[in-house]
file work.json (JSON, C-alpha atoms and all ligand atoms)
[["chain", "number", "residue", "atom", "x", "y", "z"],
["A", 1, "MET", "CA", 17.50, 136.71, 127.46],
["A", 2, "ARG", "CA", 20.44, 139.12, 127.38],
["A", 3, "ILE", "CA", 22.60, 139.34, 130.51],
["A", 4, "ARG", "CA", 25.49, 141.53, 131.65],
["A", 5, "PHE", "CA", 28.61, 139.76, 132.92],
["A", 6, "THR", "CA", 32.13, 140.49, 134.13],
["A", 7, "LYS", "CA", 34.98, 138.12, 133.30],
["A", 8, "MET", "CA", 37.56, 137.91, 136.11],
["A", 9, "GLN", "CA", 40.52, 135.78, 137.08],
["A", 10, "GLY", "CA", 42.60, 135.05, 140.15],
["A", 11, "ALA", "CA", 45.93, 133.32, 139.50],
["A", 12, "GLY", "CA", 44.46, 132.14, 136.19],
["A", 13, "ASN", "CA", 41.39, 130.48, 137.74],
["A", 14, "ASP", "CA", 38.72, 132.26, 135.68],
["A", 15, "PHE", "CA", 35.18, 133.33, 136.43],
["A", 16, "VAL", "CA", 32.03, 134.82, 134.96],
["A", 17, "VAL", "CA", 30.61, 137.12, 137.64],
["A", 18, "LEU", "CA", 26.89, 138.02, 137.63],
["A", 19, "ASP", "CA", 25.12, 140.76, 139.58],
["A", 20, "GLU", "CA", 21.95, 139.38, 141.19],
["A", 21, "THR", "CA", 21.70, 142.06, 143.87],
["A", 22, "ARG", "CA", 18.62, 143.68, 142.29],
["A", 23, "ALA", "CA", 16.88, 140.59, 140.90],
["A", 24, "ARG", "CA", 17.55, 136.92, 140.39],
["A", 25, "LEU", "CA", 18.34, 136.00, 136.81],
["A", 26, "GLY", "CA", 16.62, 132.63, 137.18],
["A", 27, "LEU", "CA", 19.40, 130.69, 135.48],
["A", 28, "THR", "CA", 19.29, 126.92, 135.11],
["A", 29, "ARG", "CA", 22.12, 124.41, 135.32],
["A", 30, "GLY", "CA", 22.17, 124.49, 131.51],
["A", 31, "HIS", "CA", 22.65, 128.28, 131.53],
["A", 32, "TYR", "CA", 25.65, 128.01, 133.87],
["A", 33, "ARG", "CA", 27.16, 125.35, 131.61],
["A", 34, "PHE", "CA", 26.54, 127.58, 128.59],
["A", 35, "LEU", "CA", 28.22, 130.61, 130.20],
["A", 36, "ALA", "CA", 31.24, 128.50, 131.20],
["A", 37, "ASP", "CA", 31.58, 126.94, 127.75],
["A", 38, "ARG", "CA", 34.81, 128.16, 126.10],
["A", 39, "HIS", "CA", 33.44, 127.72, 122.56],
["A", 40, "PHE", "CA", 29.78, 128.75, 122.71],
["A", 41, "GLY", "CA", 29.67, 130.92, 125.86],
["A", 42, "VAL", "CA", 32.04, 133.28, 127.71],
["A", 43, "GLY", "CA", 34.33, 130.59, 129.09],
["A", 44, "ALA", "CA", 35.10, 130.08, 132.79],
["A", 45, "ASP", "CA", 36.00, 127.53, 135.45],
["A", 46, "GLN", "CA", 33.21, 128.82, 137.71],
["A", 47, "ILE", "CA", 30.21, 131.18, 137.54],
["A", 48, "LEU", "CA", 29.92, 133.46, 140.58],
["A", 49, "SER", "CA", 26.62, 135.15, 141.48],
["A", 50, "VAL", "CA", 26.55, 138.17, 143.79],
["A", 51, "ARG", "CA", 23.40, 138.39, 145.92],
["A", 52, "THR", "CA", 22.38, 140.54, 148.89],
["A", 53, "SER", "CA", 21.83, 138.79, 152.21],
["A", 54, "PRO", "CA", 18.97, 139.31, 154.67],
["A", 55, "ALA", "CA", 21.10, 137.86, 157.52],
["A", 56, "PRO", "CA", 22.36, 140.34, 160.16],
["A", 57, "GLY", "CA", 26.12, 140.94, 159.98],
["A", 58, "ILE", "CA", 26.41, 139.41, 156.50],
["A", 59, "ASP", "CA", 27.09, 141.73, 153.55],
["A", 60, "PHE", "CA", 26.46, 139.39, 150.61],
["A", 61, "GLU", "CA", 25.60, 135.87, 149.50],
["A", 62, "TYR", "CA", 28.18, 134.37, 147.18],
["A", 63, "VAL", "CA", 26.75, 131.60, 145.00],
["A", 64, "ILE", "CA", 29.17, 129.37, 143.10],
["A", 65, "HIS", "CA", 28.51, 127.09, 140.12],
["A", 66, "ASN", "CA", 31.19, 124.90, 138.57],
["A", 67, "ALA", "CA", 31.66, 124.75, 134.79],
["A", 68, "ASP", "CA", 29.54, 121.57, 134.79],
["A", 69, "GLY", "CA", 26.62, 123.61, 136.15],
["A", 70, "GLY", "CA", 26.61, 122.14, 139.66],
["A", 71, "GLU", "CA", 26.33, 124.45, 142.67],
["A", 72, "VAL", "CA", 29.19, 124.08, 145.17],
["A", 73, "GLU", "CA", 30.08, 125.25, 148.63],
["A", 74, "GLN", "CA", 33.26, 127.27, 148.31],
["A", 75, "CYS", "CA", 35.72, 128.90, 145.89],
["A", 76, "GLY", "CA", 38.83, 130.65, 147.18],
["A", 77, "ASN", "CA", 40.15, 132.41, 144.07],
["A", 78, "GLY", "CA", 36.59, 133.49, 143.36],
["A", 79, "ALA", "CA", 36.31, 135.01, 146.85],
["A", 80, "ARG", "CA", 39.16, 137.38, 146.03],
["A", 81, "CYS", "CA", 37.46, 138.37, 142.76],
["A", 82, "PHE", "CA", 34.16, 138.77, 144.65],
["A", 83, "VAL", "CA", 35.42, 141.62, 146.86],
["A", 84, "ARG", "CA", 37.15, 143.28, 143.89],
["A", 85, "TYR", "CA", 33.86, 143.05, 141.92],
["A", 86, "VAL", "CA", 31.57, 144.51, 144.60],
["A", 87, "ARG", "CA", 34.02, 147.39, 145.24],
["A", 88, "ASP", "CA", 34.53, 148.17, 141.54],
["A", 89, "HIS", "CA", 30.77, 148.07, 140.86],
["A", 90, "GLY", "CA", 29.88, 150.34, 143.79],
["A", 91, "LEU", "CA", 27.98, 147.58, 145.60],
["A", 92, "ALA", "CA", 30.13, 147.98, 148.76],
["A", 93, "THR", "CA", 32.37, 150.66, 150.18],
["A", 94, "ARG", "CA", 34.19, 148.75, 152.93],
["A", 95, "ASP", "CA", 37.45, 146.89, 152.30],
["A", 96, "VAL", "CA", 36.47, 143.94, 154.53],
["A", 97, "LEU", "CA", 33.30, 141.99, 153.88],
["A", 98, "ARG", "CA", 31.46, 139.13, 155.52],
["A", 99, "VAL", "CA", 30.18, 136.83, 152.81],
["A", 100, "GLN", "CA", 27.90, 133.81, 153.16],
["A", 101, "THR", "CA", 28.65, 130.77, 151.02],
["A", 102, "LEU", "CA", 27.15, 127.28, 151.13],
["A", 103, "GLY", "CA", 30.41, 126.24, 152.86],
["A", 104, "GLY", "CA", 30.27, 128.89, 155.62],
["A", 105, "VAL", "CA", 31.05, 132.56, 156.18],
["A", 106, "ILE", "CA", 34.30, 133.93, 154.75],
["A", 107, "GLU", "CA", 35.91, 137.37, 155.09],
["A", 108, "PRO", "CA", 37.68, 138.80, 152.06],
["A", 109, "ARG", "CA", 39.81, 141.90, 152.67],
["A", 110, "LEU", "CA", 40.95, 144.14, 149.79],
["A", 111, "GLY", "CA", 44.53, 145.33, 150.39],
["A", 112, "ALA", "CA", 45.98, 148.71, 149.40],
["A", 113, "ASP", "CA", 48.25, 146.93, 146.89],
["A", 114, "GLY", "CA", 45.23, 145.38, 145.10],
["A", 115, "ARG", "CA", 45.92, 141.91, 146.47],
["A", 116, "VAL", "CA", 43.19, 140.30, 148.51],
["A", 117, "THR", "CA", 43.43, 138.28, 151.73],
["A", 118, "VAL", "CA", 40.55, 135.97, 152.55],
["A", 119, "ASN", "CA", 39.84, 134.47, 155.94],
["A", 120, "MET", "CA", 38.62, 131.11, 154.63],
["A", 121, "GLY", "CA", 37.57, 129.75, 158.03],
["A", 122, "ALA", "CA", 38.93, 126.66, 159.80],
["A", 123, "PRO", "CA", 39.59, 123.40, 157.95],
["A", 124, "VAL", "CA", 37.31, 120.44, 158.73],
["A", 125, "PHE", "CA", 38.92, 117.06, 159.41],
["A", 126, "ASP", "CA", 35.85, 115.09, 160.48],
["A", 127, "LEU", "CA", 35.59, 112.59, 157.60],
["A", 128, "PRO", "CA", 31.77, 112.25, 157.46],
["A", 129, "ARG", "CA", 31.61, 116.06, 157.11],
["A", 130, "VAL", "CA", 34.04, 116.13, 154.13],
["A", 131, "PRO", "CA", 32.23, 113.78, 153.19],
["A", 132, "PHE", "CA", 34.45, 110.66, 152.89],
["A", 133, "ASP", "CA", 33.43, 107.08, 153.58],
["A", 134, "ALA", "CA", 36.36, 105.47, 155.42],
["A", 135, "ALA", "CA", 34.52, 102.25, 156.39],
["A", 136, "GLY", "CA", 36.89, 99.28, 156.44],
["A", 137, "LEU", "CA", 39.95, 101.29, 155.37],
["A", 138, "GLN", "CA", 43.24, 101.28, 157.27],
["A", 139, "PRO", "CA", 44.89, 104.73, 157.34],
["A", 140, "GLN", "CA", 48.66, 105.24, 157.15],
["A", 141, "ALA", "CA", 50.09, 107.35, 160.01],
["A", 142, "ALA", "CA", 52.07, 110.38, 158.84],
["A", 143, "GLY", "CA", 53.30, 113.32, 160.93],
["A", 144, "SER", "CA", 50.63, 114.06, 163.52],
["A", 145, "TRP", "CA", 47.99, 112.88, 161.07],
["A", 146, "GLN", "CA", 47.10, 110.18, 158.58],
["A", 147, "LYS", "CA", 46.64, 109.42, 154.91],
["A", 148, "TRP", "CA", 43.92, 107.22, 153.46],
["A", 149, "PRO", "CA", 44.30, 104.60, 150.74],
["A", 150, "LEU", "CA", 42.26, 105.08, 147.57],
["A", 151, "ALA", "CA", 42.08, 102.23, 145.10],
["A", 152, "LEU", "CA", 41.96, 103.71, 141.60],
["A", 153, "TYR", "CA", 40.26, 101.58, 139.00],
["A", 154, "GLY", "CA", 40.97, 102.88, 135.56],
["A", 155, "PRO", "CA", 43.79, 102.72, 133.06],
["A", 156, "ALA", "CA", 46.05, 101.23, 135.76],
["A", 157, "PRO", "CA", 43.90, 98.84, 137.85],
["A", 158, "ASP", "CA", 44.67, 98.32, 141.52],
["A", 159, "THR", "CA", 46.73, 101.47, 141.87],
["A", 160, "ILE", "CA", 46.58, 102.55, 145.50],
["A", 161, "LYS", "CA", 47.13, 106.24, 146.22],
["A", 162, "TYR", "CA", 47.45, 107.61, 149.76],
["A", 163, "VAL", "CA", 45.69, 110.94, 150.18],
["A", 164, "ALA", "CA", 45.16, 113.45, 152.98],
["A", 165, "ILE", "CA", 41.47, 114.28, 153.24],
["A", 166, "LEU", "CA", 39.85, 117.45, 154.54],
["A", 167, "SER", "CA", 37.24, 120.07, 153.79],
["A", 168, "MET", "CA", 37.76, 123.80, 153.30],
["A", 169, "GLY", "CA", 33.98, 124.11, 153.05],
["A", 170, "ASN", "CA", 34.41, 121.93, 149.94],
["A", 171, "PRO", "CA", 36.04, 118.49, 149.76],
["A", 172, "HIS", "CA", 39.74, 117.93, 149.00],
["A", 173, "ALA", "CA", 42.02, 114.89, 148.62],
["A", 174, "VAL", "CA", 45.70, 115.86, 148.54],
["A", 175, "GLN", "CA", 48.52, 113.56, 147.49],
["A", 176, "LEU", "CA", 52.27, 114.12, 147.57],
["A", 177, "VAL", "CA", 54.16, 113.88, 144.29],
["A", 178, "ASP", "CA", 57.85, 114.17, 143.43],
["A", 179, "ASP", "CA", 57.30, 116.56, 140.53],
["A", 180, "VAL", "CA", 54.00, 118.30, 139.70],
["A", 181, "GLU", "CA", 54.99, 118.66, 136.05],
["A", 182, "THR", "CA", 55.15, 114.90, 135.50],
["A", 183, "ALA", "CA", 52.39, 113.97, 137.99],
["A", 184, "PRO", "CA", 49.49, 112.03, 136.35],
["A", 185, "VAL", "CA", 46.97, 114.82, 137.06],
["A", 186, "LEU", "CA", 44.84, 114.26, 133.97],
["A", 187, "GLN", "CA", 44.81, 110.47, 134.32],
["A", 188, "GLU", "CA", 44.22, 110.16, 138.08],
["A", 189, "GLY", "CA", 42.30, 113.41, 138.62],
["A", 190, "PRO", "CA", 38.99, 112.16, 137.16],
["A", 191, "LEU", "CA", 39.31, 108.80, 138.96],
["A", 192, "ILE", "CA", 39.82, 110.53, 142.31],
["A", 193, "GLU", "CA", 37.11, 113.13, 141.61],
["A", 194, "HIS", "CA", 34.53, 110.38, 140.99],
["A", 195, "HIS", "CA", 35.84, 107.85, 143.53],
["A", 196, "PRO", "CA", 32.85, 106.14, 145.22],
["A", 197, "ARG", "CA", 34.30, 106.86, 148.68],
["A", 198, "PHE", "CA", 33.47, 110.56, 148.09],
["A", 199, "PRO", "CA", 29.65, 110.77, 147.86],
["A", 200, "LYS", "CA", 29.80, 114.45, 146.75],
["A", 201, "ARG", "CA", 32.90, 113.91, 144.56],
["A", 202, "VAL", "CA", 36.15, 115.66, 145.45],
["A", 203, "ASN", "CA", 38.84, 118.09, 144.30],
["A", 204, "ALA", "CA", 42.11, 116.19, 143.70],
["A", 205, "GLY", "CA", 45.33, 117.99, 144.67],
["A", 206, "PHE", "CA", 48.87, 117.03, 143.61],
["A", 207, "MET", "CA", 51.45, 118.70, 145.88],
["A", 208, "GLN", "CA", 55.23, 118.86, 145.45],
["A", 209, "VAL", "CA", 56.99, 120.05, 148.61],
["A", 210, "VAL", "CA", 59.93, 122.27, 147.63],
["A", 211, "SER", "CA", 60.85, 123.43, 151.16],
["A", 212, "ARG", "CA", 59.06, 123.97, 154.47],
["A", 213, "SER", "CA", 57.71, 127.26, 153.11],
["A", 214, "GLN", "CA", 57.21, 126.50, 149.40],
["A", 215, "ILE", "CA", 55.10, 124.05, 147.44],
["A", 216, "ARG", "CA", 54.14, 123.55, 143.82],
["A", 217, "LEU", "CA", 50.54, 122.52, 143.27],
["A", 218, "ARG", "CA", 48.19, 121.29, 140.56],
["A", 219, "VAL", "CA", 44.52, 120.61, 141.21],
["A", 220, "TYR", "CA", 42.03, 118.60, 139.20],
["A", 221, "GLU", "CA", 38.87, 120.37, 140.28],
["A", 222, "ARG", "CA", 35.51, 118.73, 140.83],
["A", 223, "GLY", "CA", 33.17, 119.89, 138.09],
["A", 224, "ALA", "CA", 35.79, 121.86, 136.16],
["A", 225, "GLY", "CA", 38.80, 119.65, 135.38],
["A", 226, "GLU", "CA", 42.36, 120.87, 135.90],
["A", 227, "THR", "CA", 42.43, 124.64, 136.47],
["A", 228, "LEU", "CA", 45.43, 126.98, 136.47],
["A", 229, "ALA", "CA", 44.96, 127.46, 140.22],
["A", 230, "CYS", "CA", 42.54, 126.44, 142.96],
["A", 231, "GLY", "CA", 42.38, 128.66, 146.06],
["A", 232, "THR", "CA", 40.68, 126.17, 148.38],
["A", 233, "GLY", "CA", 43.01, 123.51, 146.92],
["A", 234, "ALA", "CA", 45.99, 125.63, 147.96],
["A", 235, "CYS", "CA", 44.54, 126.03, 151.47],
["A", 236, "ALA", "CA", 43.87, 122.29, 151.72],
["A", 237, "ALA", "CA", 47.37, 121.38, 150.49],
["A", 238, "VAL", "CA", 49.09, 123.66, 153.01],
["A", 239, "VAL", "CA", 46.91, 122.45, 155.89],
["A", 240, "ALA", "CA", 47.67, 118.85, 154.86],
["A", 241, "GLY", "CA", 51.40, 119.63, 154.60],
["A", 242, "VAL", "CA", 51.46, 121.23, 158.06],
["A", 243, "ARG", "CA", 49.60, 118.31, 159.67],
["A", 244, "LEU", "CA", 51.82, 115.80, 157.88],
["A", 245, "GLY", "CA", 54.84, 117.56, 159.43],
["A", 246, "LEU", "CA", 56.24, 118.77, 156.10],
["A", 247, "LEU", "CA", 55.42, 122.50, 156.10],
["A", 248, "ASP", "CA", 55.54, 125.52, 158.42],
["A", 249, "GLY", "CA", 52.59, 127.83, 158.90],
["A", 250, "CYS", "CA", 53.25, 130.32, 156.08],
["A", 251, "VAL", "CA", 53.71, 128.84, 152.61],
["A", 252, "GLU", "CA", 54.14, 130.19, 149.07],
["A", 253, "VAL", "CA", 52.09, 128.06, 146.69],
["A", 254, "ALA", "CA", 53.23, 128.09, 143.06],
["A", 255, "THR", "CA", 50.44, 127.15, 140.66],
["A", 256, "ARG", "CA", 50.42, 127.13, 136.87],
["A", 257, "GLY", "CA", 48.59, 130.48, 136.92],
["A", 258, "GLY", "CA", 50.44, 132.36, 139.65],
["A", 259, "ALA", "CA", 51.45, 132.43, 143.30],
["A", 260, "LEU", "CA", 49.27, 132.35, 146.42],
["A", 261, "THR", "CA", 50.33, 132.80, 150.04],
["A", 262, "ILE", "CA", 48.63, 130.53, 152.56],
["A", 263, "GLU", "CA", 48.90, 130.92, 156.34],
["A", 264, "TRP", "CA", 47.60, 128.52, 158.96],
["A", 265, "ALA", "CA", 48.47, 128.46, 162.68],
["A", 266, "GLY", "CA", 47.04, 124.96, 163.19],
["A", 267, "GLY", "CA", 44.13, 123.57, 165.22],
["A", 268, "ASP", "CA", 40.92, 125.57, 164.91],
["A", 269, "ALA", "CA", 42.70, 128.63, 163.47],
["A", 270, "PRO", "CA", 41.30, 129.98, 160.21],
["A", 271, "VAL", "CA", 43.24, 129.62, 156.99],
["A", 272, "LEU", "CA", 44.30, 132.92, 155.39],
["A", 273, "MET", "CA", 44.78, 133.04, 151.63],
["A", 274, "THR", "CA", 46.40, 136.01, 149.83],
["A", 275, "GLY", "CA", 46.61, 136.49, 146.10],
["A", 276, "PRO", "CA", 45.60, 138.56, 143.07],
["A", 277, "ALA", "CA", 42.14, 139.34, 141.66],
["A", 278, "THR", "CA", 41.80, 140.90, 138.21],
["A", 279, "THR", "CA", 38.99, 142.02, 135.91],
["A", 280, "VAL", "CA", 39.58, 140.82, 132.35],
["A", 281, "PHE", "CA", 36.61, 142.31, 130.48],
["A", 282, "GLU", "CA", 32.89, 143.05, 130.73],
["A", 283, "GLY", "CA", 30.12, 142.38, 128.25],
["A", 284, "ASP", "CA", 26.59, 141.28, 127.43],
["A", 285, "ILE", "CA", 25.62, 137.89, 126.12],
["A", 286, "GLU", "CA", 22.41, 136.48, 124.71],
["A", 287, "ILE", "CA", 21.63, 133.21, 126.44],
["A", 288, "PRO", "CA", 19.21, 130.70, 124.95],
["A", 289, "ASP", "CA", 15.84, 130.53, 126.78],
["A", 290, "THR", "CA", 15.52, 126.78, 126.62],
["A", 291, "LEU", "CA", 18.69, 125.46, 128.28],
["B", 1, "LIG", "N1", 38.45, 127.16, 141.96],
["B", 1, "LIG", "C1", 37.97, 127.15, 143.26],
["B", 1, "LIG", "C2", 37.19, 125.95, 143.71],
["B", 1, "LIG", "C3", 35.85, 125.86, 142.97],
["B", 1, "LIG", "C4", 34.93, 124.78, 143.48],
["B", 1, "LIG", "C5", 35.50, 123.39, 143.32],
["B", 1, "LIG", "N2", 35.71, 123.02, 141.94],
["B", 1, "LIG", "C6", 34.56, 122.38, 143.98],
["B", 1, "LIG", "O1", 33.78, 121.73, 143.27],
["B", 1, "LIG", "O2", 34.58, 122.27, 145.20],
["B", 1, "LIG", "C7", 38.90, 127.72, 144.30],
["B", 1, "LIG", "O3", 39.65, 128.64, 143.95],
["B", 1, "LIG", "O4", 38.82, 127.35, 145.47]]
call {"tool": "encode", "arguments": {"input": "work.json", "output": "structure tokens", "more": "lines below"}}
Ligand SMILES: N[C@@H](CCC[C@H](N)C(=O)O)C(=O)O
result
Amino acid sequence: MRIRFTKMQGAGNDFVVLDETRARLGLTRGHYRFLADRHFGVGADQILSVRTSPAPGIDFEYVIHNADGGEVEQCGNGARCFVRYVRDHGLATRDVLRVQTLGGVIEPRLGADGRVTVNMGAPVFDLPRVPFDAAGLQPQAAGSWQKWPLALYGPAPDTIKYVAILSMGNPHAVQLVDDVETAPVLQEGPLIEHHPRFPKRVNAGFMQVVSRSQIRLRVYERGAGETLACGTGACAAVVAGVRLGLLDGCVEVATRGGALTIEWAGGDAPVLMTGPATTVFEGDIEIPDTL
């Protein structure tokens, strides 16, 4: 089967975007893995499918698959590319959309300067909803919140890391580090991602606080490995930093792929994420039938 795709990126987090508004392509997990493959496919951290929605007040369904082929609830950098894609392809005319994801409804808004702001909804702190199994663990109080101990069994047995845990529609564990450049992202990332306390696995964030309005961030993403930026990871890190008493409500997040601005007023307020969204190229690819 031959399919049309658009390659996009937001702060270096890259995507293959597929138009399923007229008909479903019927792709399997193997097909998503193939498209994401940087040697045999197009290459991407996530595959984003654009679908129409029958629900009143909802413009589109936004379906997200990680590079490992698994479907997930939310993707922030992808949400910015999503609104850019539907506008550029004539699928929508409004600058503000309401988009259904597995993780809830989000509202991307295309700005006059080409940057996109997404209302990502309110963070979720209820641990069973992350989901995180805290049974028998003793949290460490920090700011107006708490961090949870994770025992990491791997190259360095019995390492205990304290992480802030929340959901932005998808699960995040955020730890503070002195310097993101030297942080053990590639060693600890996979151990945290697959930690048995997270039944749906988790995205592992490594946050360096530079000032009350600036952080540096690296994220080892569930199902994709370390990416150049993670939008929901940036939201989760800023929310964690605010609740831990380290950050104010408007923060510049420096990632390896670019800068994002995250705003959060606390409590049940939604998190607002602003950043770039760029089309890289478009093309057709023959995908094997039997994946
Ligand atoms: N890159 C994304 C997050 C994509 C999903 C994530 N890997 C997960 O499994 O939850 C972003 O920009 O938020």
call {"tool": "axis_aligned_box", "arguments": {"input": "work.json", "around": "region 70-82 of chain A", "padding_each_side": "6 Å", "output": "AutoDock Vina command-line options"}}
result
--center_x 33.2 --center_y 130.5 --center_z 144.1 --size_x 25.8 --size_y 28.6 --size_z 21.0
call {"tool": "atom_distance", "arguments": {"input": "work.json", "atom1": "CA of Val105 (chain A)", "atom2": "CA of Ala79 (chain A)"}}
result
11.0 Å
call {"tool": "residues_around", "arguments": {"input": "work.json", "residues": "region 276-286 of chain A", "least_positions_apart": "3", "cutoff": "8 Å", "atoms": "all atoms listed in the file", "output": "PyMOL selection string"}}
result
chain A and resi 1-11+77+80-81+84-85+114-116+260
call {"tool": "write_last_selection", "arguments": {"input": "work.json", "atoms": "C-alpha atoms", "output": "PDB file, keeping the file's coordinate frame"}}
result
ATOM      1  CA  MET A   1      17.500 136.710 127.460  1.00  0.00           C
ATOM      2  CA  ARG A   2      20.440 139.120 127.380  1.00  0.00           C
ATOM      3  CA  ILE A   3      22.600 139.340 130.510  1.00  0.00           C
ATOM      4  CA  ARG A   4      25.490 141.530 131.650  1.00  0.00           C
ATOM      5  CA  PHE A   5      28.610 139.760 132.920  1.00  0.00           C
ATOM      6  CA  THR A   6      32.130 140.490 134.130  1.00  0.00           C
ATOM      7  CA  LYS A   7      34.980 138.120 133.300  1.00  0.00           C
ATOM      8  CA  MET A   8      37.560 137.910 136.110  1.00  0.00           C
ATOM      9  CA  GLN A   9      40.520 135.780 137.080  1.00  0.00           C
ATOM     10  CA  GLY A  10      42.600 135.050 140.150  1.00  0.00           C
ATOM     11  CA  ALA A  11      45.930 133.320 139.500  1.00  0.00           C
ATOM     12  CA  ASN A  77      40.150 132.410 144.070  1.00  0.00           C
ATOM     13  CA  ARG A  80      39.160 137.380 146.030  1.00  0.00           C
ATOM     14  CA  CYS A  81      37.460 138.370 142.760  1.00  0.00           C
ATOM     15  CA  ARG A  84      37.150 143.280 143.890  1.00  0.00           C
ATOM     16  CA  TYR A  85      33.860 143.050 141.920  1.00  0.00           C
ATOM     17  CA  GLY A 114      45.230 145.380 145.100  1.00  0.00           C
ATOM     18  CA  ARG A 115      45.920 141.910 146.470  1.00  0.00           C
ATOM     19  CA  VAL A 116      43.190 140.300 148.510  1.00  0.00           C
ATOM     20  CA  LEU A 260      49.270 132.350 146.420  1.00  0.00           C
TER      21      LEU A 260
END
call {"tool": "closest_residue", "arguments": {"input": "work.json", "among": "A:Asp179, A:Val118, A:Pro123, A:Gly154", "to": "Thr261 (chain A)", "atoms": "all atoms listed in the file"}}
result
A:Val118
call {"tool": "residues_near_point", "arguments": {"input": "work.json", "point": "(31.9, 116.6, 145.0)", "cutoff": "8 Å", "atoms": "only C-alpha atoms", "output": "NGL selection string"}}
result
:A and (72 or 170-171 or 193-194 or 198-203 or 222-223)
call {"tool": "closest_residue", "arguments": {"input": "work.json", "among": "A:Gly267, A:Gly26, A:Gly245, A:Pro196", "to": "Phe132 (chain A)", "atoms": "all atoms listed in the file"}}
result
A:Pro196
call {"tool": "residues_near_point", "arguments": {"input": "work.json", "point": "(40.0, 109.5, 137.5)", "cutoff": "10 Å", "atoms": "only C-alpha atoms", "output": "PyMOL selection string"}}
result
chain A and resi 152-155+184-195+204+220
call {"tool": "closest_residue", "arguments": {"input": "work.json", "among": "A:Asp59, A:Glu221, A:Asp19, A:Asp178", "to": "Ala92 (chain A)", "atoms": "all atoms listed in the file"}}
result
A:Asp59
call {"tool": "closest_residue", "arguments": {"input": "work.json", "among": "A:Leu137, A:Val96, A:Ala259, A:Val177", "to": "Phe206 (chain A)", "atoms": "only C-alpha atoms"}}
result
A:Val177
call {"tool": "closest_residue", "arguments": {"input": "work.json", "among": "A:Val251, A:Leu246, A:Met273, A:Leu291", "to": "ligand LIG 1 (chain B)", "atoms": "only C-alpha atoms and all ligand atoms"}}
result
A:Met273
call {"tool": "residues_around", "arguments": {"input": "work.json", "residues": "Gly30 (chain A)", "least_positions_apart": "3", "cutoff": "10 Å", "atoms": "all atoms listed in the file", "output": "NGL selection string"}}
result
:A and (27 or 33-36 or 68-70 or 288-291)
call {"tool": "residues_around", "arguments": {"input": "work.json", "residues": "Glu107 (chain A)", "least_positions_apart": "6", "cutoff": "12 Å", "atoms": "all atoms listed in the file", "output": "PyMOL selection string"}}
result
chain A and resi 57-62+76+79-80+82-83+94-101+116-121+270-274
call {"tool": "residues_around", "arguments": {"input": "work.json", "residues": "Gln140 (chain A)", "least_positions_apart": "4", "cutoff": "12 Å", "atoms": "only C-alpha atoms", "output": "compact mmCIF listing (two decimals) with C-alpha atoms, in the coordinates of the input"}}
result
# COMPACT_ATOMS: atom_id res chain seq x y z
CA SER A 144 50.63 114.06 163.52
CA TRP A 145 47.99 112.88 161.07
CA GLN A 146 47.10 110.18 158.58
CA LYS A 147 46.64 109.42 154.91
CA TRP A 148 43.92 107.22 153.46
CA PRO A 149 44.30 104.60 150.74
CA LEU A 150 42.26 105.08 147.57
CA LYS A 161 47.13 106.24 146.22
CA TYR A 162 47.45 107.61 149.76
CA VAL A 163 45.69 110.94 150.18
CA ALA A 164 45.16 113.45 152.98
CA LEU A 244 51.82 115.80 157.88
call {"tool": "closest_residue", "arguments": {"input": "work.json", "among": "A:Ala269, A:Ile106, A:Cys75, A:Ala173", "to": "Arg197 (chain A)", "atoms": "all atoms listed in the file"}}
result
A:Ala173
call {"tool": "atom_distance", "arguments": {"input": "work.json", "atom1": "atom O2 of ligand LIG 1 (chain B)", "atom2": "CA of Ser211 (chain A)"}}
result
27.0 Å
call {"tool": "build_atoms", "arguments": {"input": "work.json", "residues": "region 226-234 of chain A", "atoms": "N, CA and C atoms", "output": "PDB file, keeping the file's coordinate frame"}}
result
ATOM      1  N   GLU A 226      41.177 120.167 135.371  1.00  0.00           N
ATOM      2  CA  GLU A 226      42.360 120.870 135.900  1.00  0.00           C
ATOM      3  C   GLU A 226      42.233 122.364 135.607  1.00  0.00           C
ATOM      4  N   THR A 227      42.450 123.177 136.636  1.00  0.00           N
ATOM      5  CA  THR A 227      42.430 124.640 136.470  1.00  0.00           C
ATOM      6  C   THR A 227      43.846 125.168 136.685  1.00  0.00           C
ATOM      7  N   LEU A 228      44.077 126.419 136.313  1.00  0.00           N
ATOM      8  CA  LEU A 228      45.430 126.980 136.470  1.00  0.00           C
ATOM      9  C   LEU A 228      45.767 127.229 137.939  1.00  0.00           C
ATOM     10  N   ALA A 229      44.754 127.319 138.770  1.00  0.00           N
ATOM     11  CA  ALA A 229      44.960 127.460 140.220  1.00  0.00           C
ATOM     12  C   ALA A 229      43.654 127.149 140.914  1.00  0.00           C
ATOM     13  N   CYS A 230      43.745 126.689 142.153  1.00  0.00           N
ATOM     14  CA  CYS A 230      42.540 126.440 142.960  1.00  0.00           C
ATOM     15  C   CYS A 230      42.840 126.987 144.359  1.00  0.00           C
ATOM     16  N   GLY A 231      42.099 128.010 144.779  1.00  0.00           N
ATOM     17  CA  GLY A 231      42.380 128.660 146.060  1.00  0.00           C
ATOM     18  C   GLY A 231      42.122 127.744 147.246  1.00  0.00           C
ATOM     19  N   THR A 232      40.948 127.089 147.267  1.00  0.00           N
ATOM     20  CA  THR A 232      40.680 126.170 148.380  1.00  0.00           C
ATOM     21  C   THR A 232      41.631 124.976 148.307  1.00  0.00           C
ATOM     22  N   GLY A 233      42.028 124.599 147.080  1.00  0.00           N
ATOM     23  CA  GLY A 233      43.010 123.510 146.920  1.00  0.00           C
ATOM     24  C   GLY A 233      44.343 123.890 147.529  1.00  0.00           C
ATOM     25  N   ALA A 234      44.738 125.166 147.369  1.00  0.00           N
ATOM     26  CA  ALA A 234      45.990 125.630 147.960  1.00  0.00           C
ATOM     27  C   ALA A 234      45.897 125.618 149.485  1.00  0.00           C
TER      28      ALA A 234
END
